[in-house]
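Visitor: Sharing data.tsv, TSV, C-alpha atoms:
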```
chain	number	residue	atom	x	y	z
A	177	MET	CA	22.16	-20.18	40.41
A	178	ALA	CA	20.27	-17.75	38.17
A	179	THR	CA	22.33	-15.68	35.76
A	180	GLU	CA	22.10	-11.90	35.47
A	181	TYR	CA	19.92	-12.32	32.38
A	182	ASP	CA	17.46	-14.57	34.21
A	183	ARG	CA	17.25	-12.13	37.11
A	184	ASP	CA	16.70	-9.23	34.72
A	185	ILE	CA	13.76	-10.86	32.91
A	186	SER	CA	12.18	-12.37	36.04
A	187	VAL	CA	8.59	-11.61	37.04
A	188	ASN	CA	6.70	-12.12	40.29
A	189	SER	CA	3.04	-13.10	40.38
A	190	VAL	CA	1.00	-10.75	42.59
A	191	ALA	CA	-2.50	-11.78	41.46
A	192	GLU	CA	-4.05	-13.94	38.77
A	193	GLY	CA	-2.85	-12.54	35.46
A	194	THR	CA	-0.76	-9.79	37.10
A	195	TYR	CA	3.03	-9.85	37.46
A	196	ASP	CA	5.54	-7.37	38.84
A	197	ALA	CA	8.85	-6.82	37.07
A	198	ASP	CA	11.89	-4.63	37.70
A	199	LEU	CA	13.29	-3.41	34.39
A	200	SER	CA	17.07	-3.30	34.46
A	201	ALA	CA	19.07	-0.23	33.45
A	202	GLY	CA	21.61	-2.70	32.07
A	203	TRP	CA	19.48	-3.04	28.90
A	204	ILE	CA	19.30	0.63	27.95
A	205	VAL	CA	19.95	1.53	24.32
A	206	GLY	CA	19.29	4.87	22.67
A	207	GLY	CA	16.19	6.50	24.10
A	208	GLY	CA	14.88	3.58	26.12
A	209	ILE	CA	15.22	-0.08	27.07
A	210	ASN	CA	15.90	-2.70	24.41
A	211	GLY	CA	12.71	-4.10	22.91
A	212	GLY	CA	13.92	-7.70	22.80
A	213	TYR	CA	14.73	-7.66	26.50
A	214	LEU	CA	11.26	-6.29	27.23
A	215	LEU	CA	9.69	-8.96	25.02
A	216	ALA	CA	11.44	-11.71	27.00
A	217	THR	CA	10.16	-10.18	30.25
A	218	ILE	CA	6.62	-10.25	28.91
A	219	ALA	CA	7.20	-13.79	27.65
A	220	ASN	CA	8.11	-14.95	31.17
A	221	ALA	CA	4.76	-13.67	32.46
A	222	VAL	CA	2.90	-15.36	29.61
A	223	ARG	CA	4.70	-18.63	30.36
A	224	ALA	CA	3.55	-18.44	33.99
A	225	SER	CA	-0.02	-17.89	32.80
A	226	VAL	CA	-0.25	-21.15	30.82
A	227	PRO	CA	1.39	-24.00	32.79
A	228	GLY	CA	2.27	-26.93	30.56
A	229	LYS	CA	2.95	-24.72	27.54
A	230	PRO	CA	6.36	-23.26	28.35
A	231	ASP	CA	7.56	-21.98	25.00
A	232	PRO	CA	6.78	-18.96	22.85
A	233	ILE	CA	6.00	-20.06	19.31
A	234	SER	CA	4.83	-16.73	17.92
A	235	ILE	CA	4.56	-13.33	19.55
A	236	SER	CA	3.68	-9.93	18.08
A	237	ALA	CA	4.34	-6.79	20.09
A	238	TYR	CA	3.43	-3.16	19.52
A	239	TYR	CA	5.72	-0.62	21.22
A	240	LEU	CA	3.59	2.30	22.37
A	241	SER	CA	6.16	4.28	24.35
A	242	ALA	CA	9.73	3.95	25.57
A	243	SER	CA	10.15	1.91	28.75
A	244	LEU	CA	12.31	3.17	31.62
A	245	PRO	CA	14.38	1.33	34.23
A	246	GLY	CA	12.43	0.46	37.36
A	247	PRO	CA	9.14	-1.12	38.38
A	248	ALA	CA	6.73	-2.38	35.73
A	249	THR	CA	3.62	-4.51	35.61
A	250	VAL	CA	2.76	-7.23	33.10
A	251	THR	CA	-0.89	-8.23	32.82
A	252	THR	CA	-1.96	-11.31	30.89
A	253	THR	CA	-5.31	-12.53	29.57
A	254	VAL	CA	-5.59	-16.13	28.37
A	255	LYS	CA	-7.66	-16.03	25.20
A	256	ARG	CA	-7.54	-19.76	24.57
A	257	ASP	CA	-5.81	-22.70	26.23
A	258	GLY	CA	-6.63	-26.04	24.68
A	259	GLY	CA	-4.86	-28.96	23.07
A	260	SER	CA	-1.25	-28.17	22.27
A	261	ILE	CA	-1.60	-24.40	21.85
A	262	ALA	CA	-2.49	-21.42	24.05
A	263	THR	CA	-3.09	-17.84	22.96
A	264	VAL	CA	-2.45	-15.07	25.47
A	265	ALA	CA	-2.74	-11.27	25.32
A	266	ALA	CA	-0.31	-9.27	27.45
A	267	GLU	CA	0.54	-5.69	28.31
A	268	LEU	CA	3.56	-4.16	29.98
A	269	SER	CA	2.83	-0.94	31.86
A	270	GLN	CA	4.63	1.56	34.05
A	271	GLY	CA	2.25	3.58	36.16
A	272	ASP	CA	-0.62	4.68	33.95
A	273	ASP	CA	1.42	4.28	30.76
A	274	VAL	CA	1.05	1.14	28.66
A	275	ARG	CA	4.48	0.57	27.13
A	276	ILE	CA	3.87	-2.58	25.06
A	277	THR	CA	0.84	-4.60	24.04
A	278	ALA	CA	1.35	-8.12	22.69
A	279	LEU	CA	-0.41	-11.28	21.55
A	280	ALA	CA	1.39	-14.61	21.89
A	281	THR	CA	0.96	-18.25	20.91
A	282	TYR	CA	2.55	-20.76	23.30
A	283	GLY	CA	3.16	-24.49	23.25
A	284	ASP	CA	5.85	-27.06	23.99
A	285	LEU	CA	8.59	-27.00	21.35
A	286	SER	CA	10.14	-30.22	22.70
A	287	THR	CA	7.12	-32.15	21.41
A	288	LEU	CA	7.56	-31.03	17.79
A	289	PRO	CA	9.14	-33.38	15.22
A	290	ASP	CA	12.84	-32.89	14.43
A	291	THR	CA	12.34	-33.13	10.67
A	292	VAL	CA	13.41	-30.18	8.51
A	293	GLU	CA	11.80	-30.32	5.08
A	294	ARG	CA	12.87	-26.86	3.94
A	295	SER	CA	14.99	-24.17	5.59
A	296	SER	CA	17.04	-21.07	4.92
A	297	ASP	CA	20.68	-21.80	4.24
A	298	VAL	CA	23.02	-21.36	7.18
A	299	PRO	CA	25.14	-18.27	6.44
A	300	ASP	CA	28.85	-18.82	6.00
A	301	PHE	CA	30.51	-17.20	9.03
A	302	PRO	CA	34.28	-16.98	9.51
A	303	PRO	CA	35.66	-18.71	12.63
A	304	LEU	CA	35.11	-16.87	15.90
A	305	GLU	CA	38.70	-15.71	16.12
A	306	GLN	CA	38.44	-13.99	12.72
A	307	CYS	CA	35.39	-11.92	13.68
A	308	VAL	CA	35.26	-8.50	15.34
A	309	PRO	CA	34.23	-8.43	19.04
A	310	ASN	CA	31.83	-5.83	20.38
A	311	THR	CA	34.40	-5.10	23.09
A	312	MET	CA	36.29	-3.10	20.45
A	313	ALA	CA	33.55	-0.45	20.48
A	314	PRO	CA	34.72	2.97	21.72
A	315	GLU	CA	34.22	3.60	25.43
A	316	GLU	CA	31.80	6.44	24.75
A	317	MET	CA	29.57	4.11	22.74
A	318	ARG	CA	29.67	1.41	25.40
A	319	ALA	CA	28.68	4.01	28.00
A	320	MET	CA	25.65	5.00	25.89
A	321	VAL	CA	24.65	1.38	25.27
A	322	PRO	CA	25.18	-0.48	28.57
A	323	MET	CA	23.41	-3.58	27.23
A	324	MET	CA	26.60	-4.34	25.28
A	325	GLU	CA	28.10	-5.54	28.57
A	326	ARG	CA	25.43	-8.26	28.89
A	327	PHE	CA	26.59	-10.44	25.98
A	328	GLU	CA	29.36	-11.34	23.58
A	329	MET	CA	28.92	-10.42	19.93
A	330	LEU	CA	31.48	-11.17	17.23
A	331	PHE	CA	30.69	-9.36	13.99
A	332	HIS	CA	31.22	-10.82	10.54
A	333	PRO	CA	34.19	-8.83	9.17
A	334	ASP	CA	32.27	-8.11	5.94
A	335	HIS	CA	29.51	-6.44	7.94
A	336	ILE	CA	31.42	-4.08	10.20
A	337	GLY	CA	32.39	-1.28	7.80
A	338	TRP	CA	29.77	1.02	9.34
A	339	ALA	CA	31.88	1.11	12.53
A	340	VAL	CA	34.73	2.85	10.69
A	341	GLY	CA	32.60	5.10	8.49
A	342	LYS	CA	32.50	2.72	5.52
A	343	PRO	CA	29.05	1.09	5.47
A	344	SER	CA	28.60	-1.43	2.66
A	345	GLY	CA	25.18	-0.13	1.62
A	346	GLU	CA	23.86	-3.70	1.39
A	347	GLY	CA	21.67	-3.45	4.48
A	348	VAL	CA	23.05	-6.57	6.17
A	349	ILE	CA	24.64	-7.08	9.61
A	350	SER	CA	25.52	-10.46	11.07
A	351	ALA	CA	27.39	-11.76	14.10
A	352	TRP	CA	28.08	-14.68	16.39
A	353	PHE	CA	26.25	-14.24	19.69
A	354	ARG	CA	26.06	-15.60	23.22
A	355	LEU	CA	24.93	-14.31	26.60
A	356	LYS	CA	27.53	-13.92	29.35
A	357	GLU	CA	27.97	-16.10	32.45
A	358	GLY	CA	27.63	-19.24	30.34
A	359	ARG	CA	23.88	-18.65	29.96
A	360	GLU	CA	22.88	-21.03	27.17
A	361	PRO	CA	20.16	-20.03	24.69
A	362	ASP	CA	16.56	-21.14	25.16
A	363	PRO	CA	13.24	-20.18	23.52
A	364	ILE	CA	12.67	-17.19	25.83
A	365	SER	CA	16.14	-15.73	25.30
A	366	LEU	CA	15.73	-15.98	21.51
A	367	LEU	CA	13.13	-13.22	21.81
A	368	THR	CA	15.91	-10.97	23.08
A	369	VAL	CA	18.46	-12.16	20.53
A	370	VAL	CA	16.35	-11.14	17.52
A	371	ASP	CA	16.58	-7.48	18.59
A	372	LEU	CA	20.18	-7.11	19.77
A	373	LEU	CA	22.32	-6.38	16.73
A	374	PRO	CA	22.78	-2.71	15.82
A	375	PRO	CA	19.92	-1.46	13.59
A	376	VAL	CA	20.58	-2.71	10.09
A	377	THR	CA	20.36	0.90	8.90
A	378	PHE	CA	23.89	1.35	10.28
A	379	ASP	CA	25.03	-0.57	7.19
A	380	LEU	CA	23.17	1.97	5.04
A	381	GLY	CA	25.05	4.89	6.53
A	382	ARG	CA	22.16	5.81	8.86
A	383	PRO	CA	23.49	5.29	12.41
A	384	GLY	CA	21.44	6.10	15.49
A	385	TRP	CA	18.58	4.81	17.59
A	386	ALA	CA	15.78	3.28	15.48
A	387	PRO	CA	12.60	3.01	17.61
A	388	THR	CA	10.65	-0.20	17.01
A	389	LEU	CA	6.98	0.18	16.15
A	390	GLU	CA	6.08	-3.51	15.85
A	391	LEU	CA	8.02	-6.76	16.24
A	392	THR	CA	6.85	-10.26	15.41
A	393	ALA	CA	9.05	-13.21	16.40
A	394	HIS	CA	8.67	-16.90	15.58
A	395	VAL	CA	10.57	-19.48	17.63
A	396	ARG	CA	11.02	-22.59	15.49
A	397	ALA	CA	12.92	-24.98	17.76
A	398	VAL	CA	14.67	-25.34	21.12
A	399	PRO	CA	18.23	-24.12	20.45
A	400	ALA	CA	21.24	-26.33	21.10
A	401	PRO	CA	23.88	-25.04	23.53
A	402	GLY	CA	26.64	-22.87	22.15
A	403	TRP	CA	27.12	-19.83	19.96
A	404	LEU	CA	24.27	-18.53	17.82
A	405	ARG	CA	24.58	-17.07	14.33
A	406	VAL	CA	22.41	-13.98	13.88
A	407	ARG	CA	21.71	-12.15	10.61
A	408	HIS	CA	19.72	-8.94	10.11
A	409	ALA	CA	18.77	-7.56	6.69
A	410	THR	CA	16.48	-4.96	5.12
A	411	ARG	CA	15.23	-4.51	1.58
A	412	ASN	CA	12.81	-1.61	1.87
A	413	VAL	CA	13.45	1.86	3.30
A	414	LEU	CA	10.64	4.30	2.63
A	415	GLY	CA	8.27	6.69	4.33
A	416	GLY	CA	10.73	7.26	7.14
A	417	MET	CA	10.59	3.59	8.14
A	418	PHE	CA	12.33	0.30	7.37
A	419	GLU	CA	11.72	-3.37	8.01
A	420	GLU	CA	14.38	-5.50	9.68
A	421	ASP	CA	14.33	-9.25	9.09
A	422	CYS	CA	16.28	-11.47	11.46
A	423	GLU	CA	17.20	-15.15	11.34
A	424	VAL	CA	18.95	-17.07	14.12
A	425	TRP	CA	20.72	-20.43	13.77
A	426	ASP	CA	22.01	-22.53	16.66
A	427	SER	CA	25.36	-24.30	17.00
A	428	THR	CA	24.08	-27.30	14.98
A	429	GLY	CA	23.10	-25.11	12.04
A	430	ARG	CA	19.36	-25.33	12.69
A	431	LEU	CA	17.15	-22.29	12.18
A	432	VAL	CA	15.70	-21.66	15.65
A	433	ALA	CA	14.14	-18.19	15.38
A	434	GLN	CA	13.13	-15.55	12.89
A	435	SER	CA	11.54	-12.14	13.20
A	436	ARG	CA	10.45	-9.05	11.35
A	437	GLN	CA	10.12	-5.62	12.84
A	438	LEU	CA	9.03	-2.26	11.52
A	439	ALA	CA	11.04	0.65	12.86
A	440	ARG	CA	11.53	4.36	12.33
A	441	LEU	CA	14.66	5.54	10.59
A	442	PRO	CA	17.28	7.08	12.86
A	443	ARG	CA	17.13	10.86	12.88
```
Please, can you express the file's structure as structure tokens?
Guide:
Amino acid sequence: MATEYDRDISVNSVAEGTYDADLSAGWIVGGGINGGYLLATIANAVRASVPGKPDPISISAYYLSASLPGPATVTTTVKRDGGSIATVAAELSQGDDVRITALATYGDLSTLPDTVERSSDVPDFPPLEQCVPNTMAPEEMRAMVPMMERFEMLFHPDHIGWAVGKPSGEGVISAWFRLKEGREPDPISLLTVVDLLPPVTFDLGRPGWAPTLELTAHVRAVPAPGWLRVRHATRNVLGGMFEEDCEVWDSTGRLVAQSRQLARLPR
């Protein structure tokens, strides 16, 4: 039986290269719908466009306007499909408004070698029971960010000072993560995961909605079942914008996804 997440990111083919979607209000955050959720919805349409190449390897998305709950259309154009790689352009629209335009590279991650010649170190997280659950957020915050009900997030205790008015100023937030209903991670869901932690500017004393301008995600491997470790960090805040770098490790300690996005500072 499909989980809530799978139903929320589902698409229905209505013509070659055209897919209907119904964007869920359950993924609202700030002034619109979460960008990672939208990226996974687009990714489902791209997957349907290139049978035999089921996995996103790289996808870059430009967020043109805030998406709203309700009907949407994803259109795809296969730019190249040969050998082990396909390249596909996609757009998500609502009515006459293009919300997101993206370019994706797809393949089959299960065919890649398991060797790891060089990788980022797995961050040292405390045990789950020593971390801070997102369920401790005030009710008024949970009402403003309904997507928090879609997953479990356990914050590293060193990276939660912003929640009590004591941000560290380091520009780092990290947490254990898993979707609800026992929904195990896969390459498509990793595109959502890279955009789910609070904006890293919270740890700089700048809370609030931070609209994404561009997001590029790389999926490096099929994740093993179980909890994910997610870490966001920024080094540069200037011109009213900041970059947010994300790395995701699976339950075996393998790096399975990474991303960078450029976003506006909260106002």
Visitor: Taking 6 positions as the minimum chain separation for residues in the same chain, which residues sit within 12 Å of Gly228 of chain A when counting all atoms listed in the file? Answer as a VMD selection string.
Guide: chain A and resid 222 257 to 262 282 to 287
Visitor: Find the residue from A:Asp273, A:Glu305, A:Glu192, A:Glu360 that sits nearest to Thr253 of chain A; use all atoms listed in the file when measuring.
Guide: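 Selected residue with least distance to Thr253 of chain A: A:Glu192.
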Visitor: Quick one: distance from atom CA of Ala386 of chain A to atom CA of Pro245 of chain A in Å, one decimal?
Guide: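 Atom CA of Pro245 of chain A lies at a distance of 18.9 Å from atom CA of Ala386 of chain A.
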Visitor: Using all atoms listed in the file, which residues sit within 8 Å of Ala266 of chain A once same-chain residues fewer than 3 positions away are excluded, as number ranges by chain?
Guide: A: 218, 222, 250-253, 277-280
Visitor: In Å, with one decimal, what is the gap from atom CA of Leu373 of chain A to atom CA of Gly345 of chain A?
Guide: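 Between atom CA of Leu373 of chain A and atom CA of Gly345 of chain A the gap is 16.6 Å.
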Visitor: To one decimal in Å, tell me the separation between atom CA of Gln270 of chain A and atom CA of Ala248 of chain A.
Guide: 4.8 Å
Visitor: Which polymer residues have any atom within 7 Å of an atom of segment 195-198 of chain A, counting all atoms listed in the file, with same-chain residues fewer than 6 positions away left out, as an NGL selection string?
Guide: :A and (186-189 or 221 or 246-251)
Visitor: I want to know what sits within 12 Å of Pro289 of chain A, based on all atoms listed in the file, with residues of the same chain fewer than 6 positions away left out; could you give that as a list of chain:residue names?
Guide: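 Answer for this query is A:Arg396, A:Ala397, A:Val398.
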Visitor: Tell me which of A:Ile364, A:Val321, A:Val406, A:Leu268 sits closest to His335 of chain A, counting only C-alpha atoms.
Guide: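 Closest to His335 of chain A, using only C-alpha atoms: A:Val406.
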